[in-house]
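Here is query.txt, consisting of compact mmCIF, C-alpha atoms:
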```txt
# COMPACT_ATOMS: atom_id res chain seq x y z
CA MET A 1 -9.84 45.17 74.20
CA PRO A 2 -6.26 45.37 72.91
CA ALA A 3 -5.67 44.83 69.23
CA LYS A 4 -4.20 41.52 68.15
CA PRO A 5 -0.50 41.96 67.28
CA THR A 6 0.40 41.58 63.63
CA SER A 7 3.08 39.22 62.38
CA ALA A 8 5.37 42.23 61.82
CA ASP A 9 4.91 43.22 65.48
CA LEU A 10 5.76 39.69 66.60
CA ARG A 11 8.90 39.59 64.44
CA GLU A 12 9.96 43.00 65.73
CA ALA A 13 9.53 41.78 69.30
CA ALA A 14 11.56 38.64 68.54
CA LEU A 15 14.58 40.55 67.20
CA PRO A 16 16.16 41.66 70.53
CA PRO A 17 16.27 38.11 71.98
CA ARG A 18 17.77 36.72 68.75
CA ILE A 19 20.45 39.44 68.78
CA VAL A 20 21.24 38.68 72.42
CA GLU A 21 21.69 35.03 71.44
CA MET A 22 24.33 36.10 68.90
CA PHE A 23 26.25 37.68 71.78
CA GLY A 24 26.15 34.34 73.60
CA LEU A 25 24.50 35.82 76.68
CA PRO A 26 21.76 33.33 77.56
CA GLY A 27 24.17 30.46 78.08
CA ASP A 28 26.86 32.47 79.83
CA ILE A 29 25.77 35.30 82.07
CA CYS A 30 22.02 35.79 81.96
CA ALA A 31 20.41 36.17 85.38
CA ASN A 32 17.34 34.18 84.29
CA PRO A 33 17.95 30.47 85.01
CA ALA A 34 15.43 29.43 82.32
CA CYS A 35 17.45 31.30 79.67
CA ARG A 36 20.70 29.67 80.82
CA ARG A 37 19.11 26.21 80.92
CA LYS A 38 17.57 26.43 77.45
CA GLY A 39 20.43 28.41 75.89
CA ARG A 40 17.86 30.78 74.37
CA CYS A 41 16.77 34.24 75.41
CA LEU A 42 13.29 34.10 76.89
CA GLY A 43 13.11 37.78 77.87
CA ARG A 44 10.13 39.67 76.48
CA SER A 45 10.57 43.08 78.10
CA PRO A 46 9.76 46.09 75.88
CA HIS A 47 13.12 47.59 76.95
CA GLY A 48 15.04 44.56 75.74
CA PRO A 49 16.30 41.49 77.54
CA ALA A 50 17.52 41.95 81.12
CA CYS A 51 20.97 40.55 80.35
CA LEU A 52 21.75 43.69 78.30
CA ASP A 53 22.77 45.26 81.62
CA ARG A 54 25.75 42.91 81.68
CA LEU A 55 27.17 44.09 78.35
CA ALA A 56 30.18 46.39 78.22
CA PRO A 57 29.42 49.92 76.93
CA GLY A 58 31.04 49.20 73.55
CA ASP A 59 29.07 45.98 73.14
CA LEU A 60 25.85 47.73 74.14
CA LYS A 61 26.47 50.39 71.48
CA PHE A 62 27.05 47.63 68.90
CA TYR A 63 23.84 45.88 70.07
CA ARG A 64 21.82 49.06 69.49
CA ARG A 65 23.35 49.55 66.03
CA LEU A 66 22.65 45.92 65.18
CA LEU A 67 19.04 46.19 66.40
CA ALA A 68 18.43 49.32 64.32
CA THR A 69 19.84 47.67 61.19
CA CYS A 70 17.84 44.47 61.79
CA LEU A 71 14.63 46.47 62.16
CA TRP A 72 15.42 48.29 58.91
CA ALA A 73 16.11 44.96 57.16
CA ASP A 74 12.94 43.37 58.49
CA ARG A 75 10.76 46.24 57.31
CA GLY A 76 12.25 46.52 53.83
CA GLU A 77 13.18 42.95 52.94
CA LEU A 78 13.64 43.49 49.21
CA HIS A 79 15.69 46.64 49.75
CA PHE A 80 17.83 44.70 52.23
CA LEU A 81 18.26 41.82 49.77
CA ARG A 82 19.69 44.19 47.16
CA HIS A 83 22.38 45.29 49.63
CA TYR A 84 22.97 41.70 50.79
CA MET A 85 23.66 40.54 47.22
CA ARG A 86 26.40 43.16 46.87
CA ALA A 87 27.85 42.59 50.36
CA THR A 88 30.40 39.89 49.64
CA ASP A 89 32.89 41.68 51.89
CA ASP A 90 30.55 42.78 54.68
CA PRO A 91 30.33 40.37 57.67
CA TYR A 92 28.08 42.89 59.45
CA LEU A 93 25.39 42.58 56.79
CA TRP A 94 25.76 38.79 56.81
CA LEU A 95 25.10 38.86 60.56
CA VAL A 96 22.03 41.06 60.04
CA GLY A 97 20.78 38.68 57.35
CA GLU A 98 21.15 35.68 59.63
CA ILE A 99 19.31 37.37 62.51
CA VAL A 100 16.45 38.61 60.33
CA ARG A 101 16.18 35.21 58.63
CA ARG A 102 15.84 33.50 62.03
CA VAL A 103 12.79 35.52 63.07
CA GLN A 104 10.91 34.75 59.85
CA PRO A 105 8.47 31.80 59.63
CA ARG A 106 9.98 28.57 58.28
CA ASP A 107 8.33 28.87 54.86
CA HIS A 108 9.44 32.48 54.33
CA TRP A 109 11.35 33.16 51.12
CA MET A 110 14.41 34.48 53.02
CA HIS A 111 15.26 30.97 54.26
CA ARG A 112 15.99 29.87 50.71
CA SER A 113 17.09 33.10 49.06
CA LEU A 114 19.85 34.29 51.41
CA PRO A 115 21.97 31.12 50.99
CA TYR A 116 21.29 31.24 47.25
CA TRP A 117 22.45 34.85 46.90
CA TYR A 118 25.49 34.22 49.08
CA ARG A 119 26.47 31.31 46.81
CA TYR A 120 25.79 33.43 43.72
CA ALA A 121 27.89 36.37 44.96
CA THR A 122 30.85 34.43 46.40
CA GLY A 123 30.82 31.05 44.66
CA LYS A 124 30.74 29.31 48.07
CA ARG A 125 28.02 26.89 49.12
CA GLY A 126 25.81 27.26 52.20
CA ARG A 127 25.59 30.33 54.40
CA PRO A 128 28.42 32.66 55.36
CA LEU A 129 30.40 32.03 58.52
CA ILE A 130 29.17 34.51 61.11
CA SER A 131 31.73 36.17 63.33
CA LEU A 132 30.49 38.67 65.89
CA ARG A 133 33.95 40.22 66.30
CA ALA A 134 34.44 40.57 62.54
CA ALA A 135 31.01 42.19 62.23
CA ALA A 136 31.75 44.58 65.11
CA ASN A 137 35.05 45.67 63.53
CA VAL A 138 33.51 46.57 60.16
CA PRO A 139 33.38 50.34 59.64
CA VAL A 140 29.89 51.78 59.93
CA ARG A 141 28.13 51.87 56.58
CA TYR A 142 24.79 53.39 55.77
CA TYR A 143 22.60 51.11 53.72
CA CYS A 144 19.40 53.15 53.48
```
Can you turn what I pasted into structure tokens?
Amino acid sequence: MPAKPTSADLREAALPPRIVEMFGLPGDICANPACRRKGRCLGRSPHGPACLDRLAPGDLKFYRRLLATCLWADRGELHFLRHYMRATDDPYLWLVGEIVRRVQPRDHWMHRSLPYWYRYATGKRGRPLISLRAAANVPVRYYC
């Protein structure tokens, strides 16, 4: 009898589809009609969603980098929050924060704390504007 997956396993499995949604794939070019219709990635393959095959090589490399950073942020939430508070000039880390926040349950502390720390660090209300192109053009930083 297989072991019941933990909540961390479920969040880790939900990260690739949420990242694919940031690329805008389900609504545009996904081969799965259910994904296109709902506008959400419904792929649950262990190798990642099937629409990754349609990404350009540069975008696929960025996807893998983004997935690795999101997994790191999901595993060490407090360590990630320390970097997020200092990242007023890092749209890549804002994108990671938004993706990781979306896979957490609704009552998770990240839903309230990330907008609070963004407002504290920048003086602006709400959440940061997320730009995939701006995040992709940020030089690679190592947060660990």
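Separating atom CA of Val96 of chain A from atom CA of Cys70 of chain A is a distance of 5.7 Å.
Between Gln104 of chain A and the candidates A:Glu77, A:Gly39, A:Leu55, A:Leu132, the tightest atom-to-atom separation, counting only C-alpha atoms, involves A:Glu77.
Near (14.5, 44.3, 66.6), the residues that fall inside 10 Å on the basis of only C-alpha atoms are Asp9, Leu10, Arg11, Glu12, Ala13, Ala14, Leu15, Pro16, Pro17, Arg18, Ile19, Gly48, Arg64, Leu66, Leu67, Ala68, Thr69, Cys70, Leu71, Trp72, Ala73, Asp74, Ile99, Val100 and Val103 of chain A.
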How would the residues just chosen look if you wrote them out with C-alpha atoms as a PDB file, keeping the file's coordinate frame?
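File selection_2.pdb, as written:
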```
ATOM      1  CA  ASP A   9       4.910  43.220  65.480  1.00  0.00           C
ATOM      2  CA  LEU A  10       5.760  39.690  66.600  1.00  0.00           C
ATOM      3  CA  ARG A  11       8.900  39.590  64.440  1.00  0.00           C
ATOM      4  CA  GLU A  12       9.960  43.000  65.730  1.00  0.00           C
ATOM      5  CA  ALA A  13       9.530  41.780  69.300  1.00  0.00           C
ATOM      6  CA  ALA A  14      11.560  38.640  68.540  1.00  0.00           C
ATOM      7  CA  LEU A  15      14.580  40.550  67.200  1.00  0.00           C
ATOM      8  CA  PRO A  16      16.160  41.660  70.530  1.00  0.00           C
ATOM      9  CA  PRO A  17      16.270  38.110  71.980  1.00  0.00           C
ATOM     10  CA  ARG A  18      17.770  36.720  68.750  1.00  0.00           C
ATOM     11  CA  ILE A  19      20.450  39.440  68.780  1.00  0.00           C
ATOM     12  CA  GLY A  48      15.040  44.560  75.740  1.00  0.00           C
ATOM     13  CA  ARG A  64      21.820  49.060  69.490  1.00  0.00           C
ATOM     14  CA  LEU A  66      22.650  45.920  65.180  1.00  0.00           C
ATOM     15  CA  LEU A  67      19.040  46.190  66.400  1.00  0.00           C
ATOM     16  CA  ALA A  68      18.430  49.320  64.320  1.00  0.00           C
ATOM     17  CA  THR A  69      19.840  47.670  61.190  1.00  0.00           C
ATOM     18  CA  CYS A  70      17.840  44.470  61.790  1.00  0.00           C
ATOM     19  CA  LEU A  71      14.630  46.470  62.160  1.00  0.00           C
ATOM     20  CA  TRP A  72      15.420  48.290  58.910  1.00  0.00           C
ATOM     21  CA  ALA A  73      16.110  44.960  57.160  1.00  0.00           C
ATOM     22  CA  ASP A  74      12.940  43.370  58.490  1.00  0.00           C
ATOM     23  CA  ILE A  99      19.310  37.370  62.510  1.00  0.00           C
ATOM     24  CA  VAL A 100      16.450  38.610  60.330  1.00  0.00           C
ATOM     25  CA  VAL A 103      12.790  35.520  63.070  1.00  0.00           C
TER      26      VAL A 103
END
```
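One finds atom CA of Ala136 of chain A at 20.1 Å from atom CA of Pro49 of chain A.
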Of A:Glu98, A:Glu21, A:Asp107, A:Asp89, the one nearest to Leu42 of chain A when counting all atoms listed in the file is A:Glu21
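When atom CA of Asn137 of chain A is paired with atom CA of Asp59 of chain A, their separation reads 11.3 Å.
Of the listed residues (A:Ala135, A:Met85, A:Ile130, A:Leu93), A:Met85 comes nearest to Trp117 of chain A; the distances count all atoms listed in the file.
Using all atoms listed in the file, the contacts of Arg119 of chain A at a cut-off of 10 Å, with sequence neighbours closer than 6 positions omitted, comprise Met85, Thr88, Ser113, Arg125, Gly126, Arg127 and Pro128 of chain A.
Distance check against Leu114 of chain A using all atoms listed in the file: of A:Tyr92, A:Tyr84, A:Val138, A:Cys41, the minimum falls on A:Tyr84.
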Mind dumping segment 85-109 of chain A from that block, keeping C-alpha atoms, as a PDB file, in the first residue's frame?
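Written out: decode.pdb:
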```pdb
ATOM      1  CA  MET A  85      12.482  41.343   2.658  1.00  0.00           C
ATOM      2  CA  ARG A  86      15.793  42.584   1.261  1.00  0.00           C
ATOM      3  CA  ALA A  87      14.817  42.081  -2.403  1.00  0.00           C
ATOM      4  CA  THR A  88      13.263  45.440  -3.196  1.00  0.00           C
ATOM      5  CA  ASP A  89      15.088  45.453  -6.542  1.00  0.00           C
ATOM      6  CA  ASP A  90      14.703  41.788  -7.495  1.00  0.00           C
ATOM      7  CA  PRO A  91      11.659  40.989  -9.701  1.00  0.00           C
ATOM      8  CA  TYR A  92      12.861  37.371  -9.939  1.00  0.00           C
ATOM      9  CA  LEU A  93      12.459  36.852  -6.202  1.00  0.00           C
ATOM     10  CA  TRP A  94       9.070  38.585  -6.294  1.00  0.00           C
ATOM     11  CA  LEU A  95       7.986  36.092  -8.965  1.00  0.00           C
ATOM     12  CA  VAL A  96       9.237  33.186  -6.845  1.00  0.00           C
ATOM     13  CA  GLY A  97       7.351  34.569  -3.844  1.00  0.00           C
ATOM     14  CA  GLU A  98       4.121  34.818  -5.805  1.00  0.00           C
ATOM     15  CA  ILE A  99       4.411  31.259  -7.140  1.00  0.00           C
ATOM     16  CA  VAL A 100       5.251  29.755  -3.743  1.00  0.00           C
ATOM     17  CA  ARG A 101       2.471  31.761  -2.085  1.00  0.00           C
ATOM     18  CA  ARG A 102      -0.071  30.379  -4.591  1.00  0.00           C
ATOM     19  CA  VAL A 103       0.631  26.739  -3.739  1.00  0.00           C
ATOM     20  CA  GLN A 104       0.178  27.295  -0.002  1.00  0.00           C
ATOM     21  CA  PRO A 105      -3.208  26.711   1.697  1.00  0.00           C
ATOM     22  CA  ARG A 106      -5.395  29.821   2.043  1.00  0.00           C
ATOM     23  CA  ASP A 107      -4.748  30.241   5.769  1.00  0.00           C
ATOM     24  CA  HIS A 108      -0.959  29.960   5.430  1.00  0.00           C
ATOM     25  CA  TRP A 109       1.049  32.831   6.902  1.00  0.00           C
TER      26      TRP A 109
END
```
